[in-house]
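J.: This is the content of model.txt (compact mmCIF, C-alpha atoms and all ligand atoms):
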```
# COMPACT_ATOMS: atom_id res chain seq x y z
CA MET T 248 -6.86 -1.33 -72.31
CA GLN T 249 -6.06 -2.89 -75.58
CA LYS T 250 -7.57 -1.53 -78.73
CA SER T 251 -6.49 -2.75 -82.09
CA PRO T 252 -6.47 -1.16 -85.53
CA THR T 253 -6.66 -4.60 -87.10
CA LYS T 254 -9.71 -6.84 -87.23
CA VAL T 255 -11.03 -8.25 -83.98
CA VAL T 256 -12.15 -11.87 -84.07
CA ALA T 257 -14.02 -12.75 -80.89
CA GLY T 258 -15.49 -16.11 -79.91
CA ASN T 259 -18.50 -16.21 -77.59
CA TRP T 260 -18.87 -19.73 -76.21
CA LYS T 261 -22.14 -18.86 -74.46
CA MET T 262 -23.06 -21.71 -72.07
CA HIS T 263 -21.04 -24.36 -73.88
CA GLY T 264 -17.86 -26.24 -73.14
CA SER T 265 -16.26 -28.42 -70.48
CA LEU T 266 -12.77 -28.84 -69.05
CA GLU T 267 -12.20 -31.71 -71.43
CA MET T 268 -13.37 -29.77 -74.46
CA LEU T 269 -11.27 -26.78 -73.43
CA ALA T 270 -7.98 -28.69 -73.31
CA GLU T 271 -8.58 -30.25 -76.71
CA TYR T 272 -9.86 -26.98 -78.17
CA VAL T 273 -6.80 -24.94 -77.24
CA SER T 274 -4.31 -27.48 -78.52
CA VAL T 275 -6.12 -27.85 -81.86
CA LEU T 276 -6.39 -24.06 -82.16
CA ALA T 277 -2.69 -23.62 -81.32
CA ARG T 278 -1.70 -26.09 -84.04
CA ALA T 279 -3.99 -24.48 -86.61
CA LEU T 280 -2.79 -20.95 -85.81
CA SER T 281 0.90 -21.83 -85.83
CA SER T 282 0.61 -23.32 -89.29
CA GLN T 283 -1.47 -20.50 -90.74
CA ARG T 284 -0.22 -17.36 -88.99
CA SER T 285 3.49 -17.42 -89.67
CA GLU T 286 3.09 -15.29 -92.78
CA ALA T 287 0.33 -12.98 -91.69
CA THR T 288 1.64 -9.44 -91.52
CA ASP T 289 -1.28 -7.85 -89.73
CA ARG T 290 -2.79 -10.25 -87.28
CA ALA T 291 -6.35 -10.08 -86.13
CA MET T 292 -6.83 -9.52 -82.45
CA VAL T 293 -8.38 -12.69 -81.03
CA VAL T 294 -10.59 -12.74 -77.96
CA LEU T 295 -12.39 -15.67 -76.32
CA PHE T 296 -15.39 -15.33 -74.03
CA PRO T 297 -15.82 -18.65 -72.19
CA PRO T 298 -18.34 -19.24 -69.38
CA ILE T 299 -17.04 -17.55 -66.22
CA GLY T 300 -15.97 -20.79 -64.54
CA TYR T 301 -13.59 -21.52 -67.39
CA LEU T 302 -11.72 -18.21 -67.39
CA VAL T 303 -8.86 -19.55 -65.28
CA PRO T 304 -8.59 -23.01 -66.90
CA LEU T 305 -8.68 -21.34 -70.30
CA SER T 306 -5.90 -18.91 -69.51
CA GLU T 307 -3.83 -21.77 -68.07
CA GLN T 308 -4.37 -23.82 -71.18
CA LEU T 309 -3.50 -20.87 -73.42
CA ARG T 310 -0.23 -20.57 -71.52
CA VAL T 311 0.49 -24.29 -71.83
CA CYS T 312 -0.02 -24.06 -75.59
CA GLY T 313 1.91 -20.80 -76.01
CA LEU T 314 -1.12 -18.74 -77.01
CA GLN T 315 -1.23 -16.42 -74.00
CA ASP T 316 0.09 -13.47 -76.00
CA GLN T 317 -2.11 -14.15 -79.00
CA ILE T 318 -5.49 -14.55 -77.34
CA VAL T 319 -7.19 -12.26 -74.87
CA ILE T 320 -9.92 -13.61 -72.63
CA GLY T 321 -13.13 -11.98 -71.54
CA ALA T 322 -16.33 -12.58 -69.61
CA GLN T 323 -19.84 -12.76 -71.02
CA ASP T 324 -21.44 -10.45 -68.47
CA LEU T 325 -20.80 -8.56 -65.22
CA HIS T 326 -22.83 -6.98 -62.42
CA PRO T 327 -23.15 -3.18 -62.48
CA GLU T 328 -22.15 -2.81 -58.81
CA SER T 329 -18.62 -3.34 -57.55
CA GLN T 330 -19.66 -5.55 -54.59
CA GLY T 331 -22.61 -6.39 -52.38
CA ALA T 332 -25.39 -8.85 -51.66
CA PHE T 333 -25.92 -10.04 -55.21
CA THR T 334 -26.01 -13.82 -55.04
CA GLY T 335 -24.65 -15.51 -58.11
CA ASP T 336 -23.20 -12.34 -59.66
CA MET T 337 -19.65 -11.27 -60.47
CA SER T 338 -18.17 -7.79 -60.35
CA GLY T 339 -15.83 -6.37 -62.91
CA ALA T 340 -12.93 -6.44 -60.44
CA MET T 341 -13.54 -10.14 -59.77
CA LEU T 342 -13.52 -10.89 -63.49
CA ARG T 343 -10.25 -9.01 -63.82
CA ASP T 344 -8.85 -11.04 -60.94
CA LEU T 345 -9.70 -14.17 -62.91
CA GLY T 346 -7.84 -12.94 -65.97
CA ALA T 347 -10.64 -11.34 -67.98
CA ARG T 348 -9.62 -8.21 -69.86
CA TRP T 349 -12.73 -7.74 -72.00
CA VAL T 350 -16.42 -8.20 -71.24
CA LEU T 351 -19.54 -8.60 -73.35
CA ILE T 352 -22.31 -6.25 -72.33
CA GLY T 353 -25.97 -6.37 -73.31
CA HIS T 354 -25.81 -9.47 -75.47
CA SER T 355 -29.28 -10.03 -76.90
CA GLU T 356 -29.59 -13.25 -74.90
CA ARG T 357 -29.00 -11.23 -71.72
CA ARG T 358 -31.50 -8.62 -72.90
CA GLN T 359 -34.04 -11.34 -73.71
CA TYR T 360 -33.63 -13.87 -70.88
CA HIS T 361 -32.48 -11.55 -68.11
CA ALA T 362 -34.61 -8.54 -69.01
CA GLU T 363 -31.60 -6.25 -69.43
CA ASP T 364 -32.71 -2.87 -70.69
CA ASP T 365 -30.68 -0.02 -72.18
CA GLN T 366 -30.21 1.63 -68.78
CA LEU T 367 -28.83 -1.50 -67.16
CA VAL T 368 -26.56 -2.08 -70.15
CA ALA T 369 -25.26 1.47 -69.77
CA ARG T 370 -24.57 0.93 -66.04
CA LYS T 371 -22.75 -2.30 -66.80
CA ALA T 372 -20.62 -0.54 -69.41
CA ALA T 373 -19.64 2.08 -66.83
CA ALA T 374 -18.83 -0.67 -64.30
CA ALA T 375 -16.64 -2.42 -66.86
CA LEU T 376 -14.63 0.72 -67.52
CA ALA T 377 -14.27 1.33 -63.79
CA ALA T 378 -12.78 -2.17 -63.48
CA GLU T 379 -10.50 -1.55 -66.46
CA LEU T 380 -12.23 -4.09 -68.63
CA THR T 381 -12.82 -3.35 -72.30
CA PRO T 382 -16.58 -3.44 -72.90
CA VAL T 383 -18.03 -4.90 -76.07
CA ILE T 384 -21.49 -3.35 -76.24
CA CYS T 385 -23.88 -5.63 -78.10
CA VAL T 386 -26.71 -4.03 -80.02
CA GLY T 387 -29.15 -5.23 -82.63
CA GLU T 388 -32.77 -5.30 -83.72
CA THR T 389 -35.28 -8.15 -83.69
CA ALA T 390 -36.89 -9.48 -86.86
CA GLU T 391 -40.10 -7.57 -86.08
CA GLN T 392 -38.21 -4.33 -85.59
CA ARG T 393 -36.42 -4.81 -88.90
CA ASP T 394 -39.63 -5.70 -90.70
CA SER T 395 -41.32 -2.58 -89.42
CA GLY T 396 -38.44 -0.41 -90.63
CA ASP T 397 -37.17 0.36 -87.12
CA ALA T 398 -33.78 -1.37 -87.24
CA GLU T 399 -31.59 1.74 -87.35
CA ARG T 400 -33.69 3.57 -84.77
CA VAL T 401 -33.46 0.66 -82.31
CA VAL T 402 -29.69 0.36 -82.65
CA GLU T 403 -29.23 4.11 -82.42
CA ARG T 404 -31.26 4.18 -79.18
CA GLN T 405 -29.23 1.32 -77.71
CA ILE T 406 -25.94 3.10 -78.44
CA GLN T 407 -27.29 6.46 -77.30
CA ALA T 408 -28.10 5.07 -73.83
CA VAL T 409 -24.50 3.92 -73.39
CA ALA T 410 -23.11 7.18 -74.79
CA GLN T 411 -25.19 9.16 -72.33
CA ALA T 412 -23.81 7.20 -69.39
CA LEU T 413 -20.18 7.11 -70.49
CA GLY T 414 -19.67 10.34 -72.37
CA ALA T 415 -17.53 10.57 -75.48
CA GLU T 416 -14.34 9.63 -73.71
CA GLY T 417 -15.85 6.49 -72.18
CA LEU T 418 -17.48 5.49 -75.42
CA GLN T 419 -14.13 5.66 -77.16
CA GLN T 420 -12.86 2.90 -74.87
CA CYS T 421 -15.60 0.50 -75.94
CA LEU T 422 -16.23 -1.70 -78.94
CA ILE T 423 -19.67 -2.09 -80.46
CA ALA T 424 -20.94 -5.46 -81.70
CA TYR T 425 -23.86 -5.20 -84.10
CA GLU T 426 -25.74 -8.47 -83.83
CA PRO T 427 -29.14 -8.55 -85.50
CA VAL T 428 -31.20 -10.82 -83.23
CA TRP T 429 -32.71 -12.61 -86.24
CA ALA T 430 -29.22 -13.67 -87.35
CA ILE T 431 -27.99 -15.09 -84.03
CA GLY T 432 -27.79 -18.86 -83.95
CA THR T 433 -30.21 -19.10 -86.87
CA GLY T 434 -27.77 -19.76 -89.68
CA ARG T 435 -29.29 -16.65 -91.30
CA THR T 436 -26.38 -14.23 -91.64
CA ALA T 437 -27.09 -10.67 -92.63
CA THR T 438 -25.81 -10.17 -96.16
CA ALA T 439 -22.55 -8.27 -96.28
CA ALA T 440 -24.44 -5.33 -97.79
CA THR T 441 -27.11 -5.31 -95.06
CA ALA T 442 -24.47 -5.52 -92.36
CA GLN T 443 -22.33 -2.83 -93.99
CA SER T 444 -25.27 -0.49 -94.26
CA MET T 445 -26.02 -0.76 -90.53
CA HIS T 446 -22.32 -0.47 -89.69
CA ALA T 447 -22.10 2.74 -91.73
CA ALA T 448 -25.06 4.14 -89.78
CA ILE T 449 -23.41 3.16 -86.48
CA ARG T 450 -20.14 4.79 -87.56
CA ALA T 451 -21.95 7.99 -88.46
CA GLN T 452 -23.63 7.98 -85.04
CA LEU T 453 -20.33 7.33 -83.25
CA ALA T 454 -18.65 10.13 -85.19
CA GLY T 455 -21.47 12.46 -84.13
CA LEU T 456 -21.20 11.38 -80.50
CA THR T 457 -17.43 11.49 -80.14
CA GLY T 458 -16.45 14.00 -82.79
CA GLU T 459 -13.87 11.59 -84.06
CA THR T 460 -13.56 10.75 -87.71
CA ASP T 461 -10.79 8.19 -87.61
CA ASN T 462 -13.02 5.24 -86.75
CA ARG T 463 -11.26 4.36 -83.55
CA ILE T 464 -14.18 2.44 -82.07
CA PRO T 465 -14.24 -1.00 -83.72
CA VAL T 466 -17.71 -2.12 -84.75
CA LEU T 467 -17.93 -5.90 -84.97
CA TYR T 468 -20.59 -7.88 -86.79
CA GLY T 469 -22.18 -10.91 -85.11
CA GLY T 470 -24.84 -13.36 -86.20
CA SER T 471 -24.05 -16.69 -87.85
CA VAL T 472 -20.50 -15.69 -88.79
CA LYS T 473 -18.60 -18.73 -90.08
CA ALA T 474 -15.53 -19.52 -92.13
CA ALA T 475 -17.57 -19.45 -95.33
CA ASN T 476 -18.79 -15.86 -94.90
CA ALA T 477 -16.16 -14.23 -92.69
CA ALA T 478 -13.89 -12.93 -95.45
CA GLU T 479 -16.74 -11.20 -97.27
CA LEU T 480 -18.03 -9.62 -94.07
CA PHE T 481 -14.56 -8.52 -92.96
CA ALA T 482 -13.95 -6.94 -96.36
CA GLN T 483 -16.71 -4.42 -95.74
CA ARG T 484 -15.45 -0.94 -95.09
CA ASP T 485 -17.09 -0.40 -91.71
CA ILE T 486 -16.93 -3.92 -90.29
CA GLY T 487 -14.11 -4.08 -87.76
CA GLY T 488 -14.30 -7.82 -87.12
CA GLY T 489 -16.69 -10.45 -85.88
CA LEU T 490 -18.33 -11.73 -82.71
CA VAL T 491 -18.71 -15.43 -83.39
CA GLY T 492 -20.99 -17.73 -81.41
CA GLY T 493 -21.63 -21.28 -82.61
CA ALA T 494 -18.72 -21.38 -85.08
CA SER T 495 -16.24 -20.41 -82.36
CA LEU T 496 -16.83 -23.75 -80.61
CA ASP T 497 -15.04 -25.62 -83.37
CA PRO T 498 -11.34 -24.70 -83.19
CA GLN T 499 -10.67 -25.48 -86.86
CA GLU T 500 -13.58 -23.35 -87.97
CA PHE T 501 -12.60 -20.57 -85.56
CA ALA T 502 -9.01 -20.70 -86.85
CA ALA T 503 -10.33 -20.28 -90.39
CA ILE T 504 -12.34 -17.22 -89.29
CA ILE T 505 -9.20 -15.81 -87.65
CA ALA T 506 -7.37 -16.40 -90.93
CA ALA T 507 -10.02 -14.28 -92.67
CA GLY T 508 -9.26 -11.52 -90.15
CA ASP T 509 -5.48 -11.78 -90.43
CA GLY T 510 -4.17 -9.31 -92.96
CA ALA T 511 -7.61 -7.78 -93.46
CA LEU T 512 -7.00 -4.25 -92.32
CA SER T 513 -10.01 -2.48 -90.92
CA ALA T 514 -11.23 0.97 -91.81
CA ASP T 515 -9.31 2.20 -88.75
CA VAL T 516 -6.05 1.81 -90.56
CA THR T 517 -7.03 2.51 -94.12
CA THR T 518 -8.49 5.90 -93.25
CA ARG T 519 -5.47 7.05 -91.29
P1 LIG M 601 -23.89 -17.09 -83.60
O1 LIG M 601 -23.93 -16.18 -82.28
O2 LIG M 601 -22.58 -16.88 -84.27
O3 LIG M 601 -24.09 -18.50 -83.10
O4 LIG M 601 -25.05 -16.64 -84.46
C1 LIG M 601 -23.34 -14.90 -82.25
C2 LIG M 601 -23.50 -14.30 -80.89
O5 LIG M 601 -24.57 -14.45 -80.29
O6 LIG M 601 -22.56 -13.65 -80.34
```
Using the file provided, produce a representation of the structure as structure tokens.
T.:
Amino acid sequence: MQKSPTKVVAGNWKMHGSLEMLAEYVSVLARALSSQRSEATDRAMVVLFPPIGYLVPLSEQLRVCGLQDQIVIGAQDLHPESQGAFTGDMSGAMLRDLGARWVLIGHSERRQYHAEDDQLVARKAAAALAAELTPVICVGETAEQRDSGDAERVVERQIQAVAQALGAEGLQQCLIAYEPVWAIGTGRTATAATAQSMHAAIRAQLAGLTGETDNRIPVLYGGSVKAANAAELFAQRDIGGGLVGGASLDPQEFAAIIAAGDGALSADVTTR
């Protein structure tokens, strides 16, 4: 498993893309990164989560463009069982076979449209670890939950469910992505201060759960991250990087977000 002390910049393509788009995307991204990254001392770790069917074409294209060592690929979901009569589903081992090394778990769109609850999310996280995939556990409150003052309680409960299933050691192999539901795809980013305040609460919870104080579990922010706000978000003490949806579909924009992550050391390093 790969964990990084530097910022993590992850692109979630959701159900977007095509073979044609993919080929163009990777070559534009490769050009943009080669011109901007030569001087970066600490590079952000870059991860792309394409739709499952594009895992193999994407890794081939990354190889063609010389990005295979710079970009990790991951899946957007997995089934909690390792095999069986589950039509349409993919196991962690299958995703690994296809080149995935990371996997998103419990994205709010899965929670909303596929009725995934905290228990299922926890089972999926355990399945990911069993398949040697790095889980990115997505958590976040809805607008109503924030308005009624429940935001921290909701996120704490979501993390607690995973912690209970995985134990401290398992939790330490995950990343957390805090994605307030009201900020996803809405253009309404949480202010850096709002995000930082939730990230500090998450860090305190993680420290309590694992006993660790060196911030080894990266906590990413997601929700309308773009080139224009990435640097400010990444400068926050407890923000370990970003999970980027819409803006990751434009390779120039995504390259600019990566640039904001390059050289921006996370709390992991500065506290060591
Ligand atoms: P967004 O999506 O950047 O389009 O808001 C983020 C996500 O859902 O991961």
J.: Choose the residue, out of T:Glu307, T:Glu356, T:Asp485, T:Asp365, that has the smallest atom-to-atom separation from ligand LIG 601 (chain M); count all atoms listed in the file.
T.: T:Glu356
J.: Please identify every residue of stretch 248-367 of chain T that has at least one atom no farther than 10 Å from an atom of stretch 384-406 of chain T, counting all atoms listed in the file, and for each give the shortest atom pair and the distance in Å to one decimal, arranged by chain then increasing number, as CSV.
T.:
```
residue,atom,partner,partner_atom,distance
T:Val350,CA,T:Ile384,CA,8.6
T:Leu351,CA,T:Ile384,CA,6.3
T:Ile352,CA,T:Ile384,CA,4.9
T:Gly353,CA,T:Cys385,CA,5.3
T:His354,CA,T:Cys385,CA,5.0
T:Ser355,CA,T:Cys385,CA,7.1
T:Arg357,CA,T:Cys385,CA,9.9
T:Arg358,CA,T:Cys385,CA,9.7
T:Asp364,CA,T:Gln405,CA,8.9
T:Asp365,CA,T:Gln405,CA,5.9
T:Gln366,CA,T:Gln405,CA,9.0
```
J.: Find the distance between atom CA of T:Val409 and atom CA of T:Ala372 and write it in Å to one decimal.
T.: 7.1 Å
J.: Taking only C-alpha atoms and all ligand atoms into account, report as number ranges by chain which residues have an atom no farther than 10 Å from an atom of ligand LIG 601 (chain M).
T.: T: 257-261, 296, 323, 351, 354-356, 385, 424-436, 468-473, 489-496
J.: Here is a test: counting only C-alpha atoms, which residue of T:Leu456, T:Leu342, T:Ala437, T:Ile318 is nearest to T:Ala410?
T.: T:Leu456
J.: Restricting the calculation to only C-alpha atoms: of T:Asp497, T:Glu267, T:Glu363, T:Glu479, which residue gets closest to T:Gln308?
T.: T:Glu267
J.: Show me, as a PyMOL selection string, the residues that have an atom within 12 Å of T:Ala454 when counting only C-alpha atoms, minus same-chain residues fewer than 3 positions from it.
T.: chain T and resi 410+415+418-419+447-451+457-464
J.: Quick check, in Å to one decimal: how far apart do atom CA of T:Arg310 and atom CA of T:Val256 lie?
T.: 19.4 Å
